[in-house]
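Asker: Pasting a structure here, questions to come.
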Amino acid sequence: MTNHLIRFFRTKIYTALFLLCVIMLIGVVGYVVISGYSWVDAFYMTVITMTTVGFGEVVPLNEESKVFTIFLILASIVIVGYALSVITEYILSKNNLEELKHRRMQKQIDGYKNHVVVCGYGRNGKQAVKKLMAHKKAFVVIEKNKELEERLQIDGVPYIIGNANEDEVLIQAGVDRASNFISALPNDADNLFVVLSARQINNEINIISRASSESSYDKLKFAGANNVILPDNIGGNHMASLVVVPGLMEFVDNLNIIGKNNINIEEVAVEKLHTKTSGKTIKDLDLRKKTGCTVIGYKDENGDYFVNPEAELELAPNSKIIVLGRPEQIEALNAVYNID
């Protein structure tokens, strides 16, 4: 509906500009033919007549020229007035439409619960958003640079323009209702302050922060971040691993965990596999036979990870298993256990 209104107003503006050009052309030709003016003098007379600035005529007007000038003045008043009203209406309507879009977006954000809040829409923030969108996770982006608003709109990202250092902005993004918080700001000091604020608002939220220097790692952890990511370290380690264990890294790189329809690894809460987990083991699940997937990891209720767990390992409540399989096997797992 918004796009239709904008196109409608633009059509009216084009019409008004066309009428202005037509009446100016009529004025120039009229003064050349009726008054015998040169093209420059005719254009001059047309402009001062249409704008009603009150300058004198190039040469005295005869009766025919006076009648033509009266017609040109009246027509110009109507057309110029119409053009001004259309342009004014378009500007006001555009502002109203922007305000309406922001209200609708805020209403959408107010309906989120257990969503993800991403601070910063830079290089790391965009990558995080891309993955969240691929997995159809509800999220909100906080970005203080208003120049990025158009990019956010083009990308179809729900956003809030504001400074994440302010508690009001964090609350507006629903940090108090969110399950995860990603601070991807370029400055470590800003990340530190934002992490402190988010932890103060929501003590249960899972906070992941970016850090540029290793000296900021402990500070961010102390401030309340559950995980601190050093992008430069990760990139360097990955490149070195391609030298040390190239075959293994090539295999890992081919594991797709970005798309929702072609992933190879999935983390599943045990509650989704059984309503009662007491006494149940990995062997009892028999995922290999039912879906073709293989259990390669286990995360217990305390958050500790176990690689290649034993088949007899009992699945505790609030724990998770990590499974590996081909995309069609992961889809079969989701279908069998009705996992979204």
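Identifiers in the structure tokens: chain A, B, ... in order shown; residue index from 1 per chain; ligand index from 1 in order shown.
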Leaving out Ala42 (chain A) and any residue of its chain fewer than 5 positions from it, which residues lie within 9 Å of it when counting only C-alpha atoms, given as number ranges by chain?

Answerer: A: 27-32, 35-37, 47, 58

Asker: Output as JSON, numbers by chain all residues of region 26-181 of chain A that backbone DSSP marks as helix (DSSP H, G or I).

Answerer: {"A": [26, 27, 28, 29, 30, 31, 32, 33, 34, 35, 39, 40, 41, 42, 43, 44, 45, 46, 47, 48, 49, 50, 51, 63, 64, 65, 66, 67, 68, 69, 70, 71, 72, 73, 74, 75, 76, 77, 78, 79, 80, 81, 82, 83, 84, 85, 86, 87, 88, 89, 90, 91, 92, 93, 94, 95, 96, 97, 98, 99, 100, 101, 102, 103, 104, 105, 106, 107, 108, 109, 110, 123, 124, 125, 126, 127, 128, 129, 130, 131, 132, 133, 134, 146, 147, 148, 149, 150, 151, 152, 153, 154, 167, 168, 169, 170, 171, 172]}

Asker: Give the answer as one residue: which of A:Ile201, A:Ala184, A:Val175, A:Val33 has the shortest atom-to-atom distance to Lys126 (chain A), using only C-alpha atoms?

Answerer: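 Between A:Ile201, A:Ala184, A:Val175, A:Val33, the residue approaching Lys126 (chain A) most closely is A:Ala184.
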
Asker: List every residue of region 152-246 of chain A that DSSP, applied to the backbone of this structure, assigns to strand (DSSP E or B), and report them as a list in words.

Answerer: Tyr159, Ile160, Ile161, Asn180, Phe181, Ile182, Ser183, Asn206, Ile207, Ile208, Ser209, Arg210, Asn227, Val228 and Ile229 of chain A

Asker: Within 7 Å of Gly162 (chain A), counting only C-alpha atoms, which residues qualify if same-chain residues fewer than 2 places away don't, as a VMD selection string?

Answerer: chain A and resid 142 to 144 160 164 169

Asker: Taking into account only C-alpha atoms, which residue in the set A:Met133, A:Ala316, A:Met45, A:Val307 is nearest to Val59 (chain A)?

Answerer: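 Result for the nearest residue to Val59 (chain A): A:Met45.
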
Asker: A:Arg177, A:Val336, A:Gly292, A:Leu285: which is nearest Ile321 (chain A), counting only C-alpha atoms?

Answerer: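 Answer, going by the shortest atom-to-atom distance: A:Leu285.
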
Asker: Counting only C-alpha atoms, figure out which residue out of A:Asn338, A:Thr291, A:Gln127, A:Thr11 gets nearest to Gly325 (chain A).

Answerer: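 The closest residue to Gly325 (chain A) is A:Thr291.
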
Asker: What is the CA of Ile205 (chain A) to CA of Ser179 (chain A) distance in Å?

Answerer: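 So the two atoms, CA of Ile205 (chain A) and CA of Ser179 (chain A), lie 5.1 Å apart.
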
Asker: Can you work out which one of A:Thr15, A:Asn180, A:Gln200, A:Asn226 has the shortest atom-to-atom distance to Asn114 (chain A), counting only C-alpha atoms?

Answerer: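 Among A:Thr15, A:Asn180, A:Gln200, A:Asn226, it is A:Asn180 that comes nearest to Asn114 (chain A).
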
Asker: Could you name the residues that touch region 206-218 of chain A at 12 Å or less, counting only C-alpha atoms, but leaving out those on the same chain fewer than 3 positions away, as a PyMOL selection string?

Answerer: chain A and resi 114-120+122-125+128+175-203+221-234
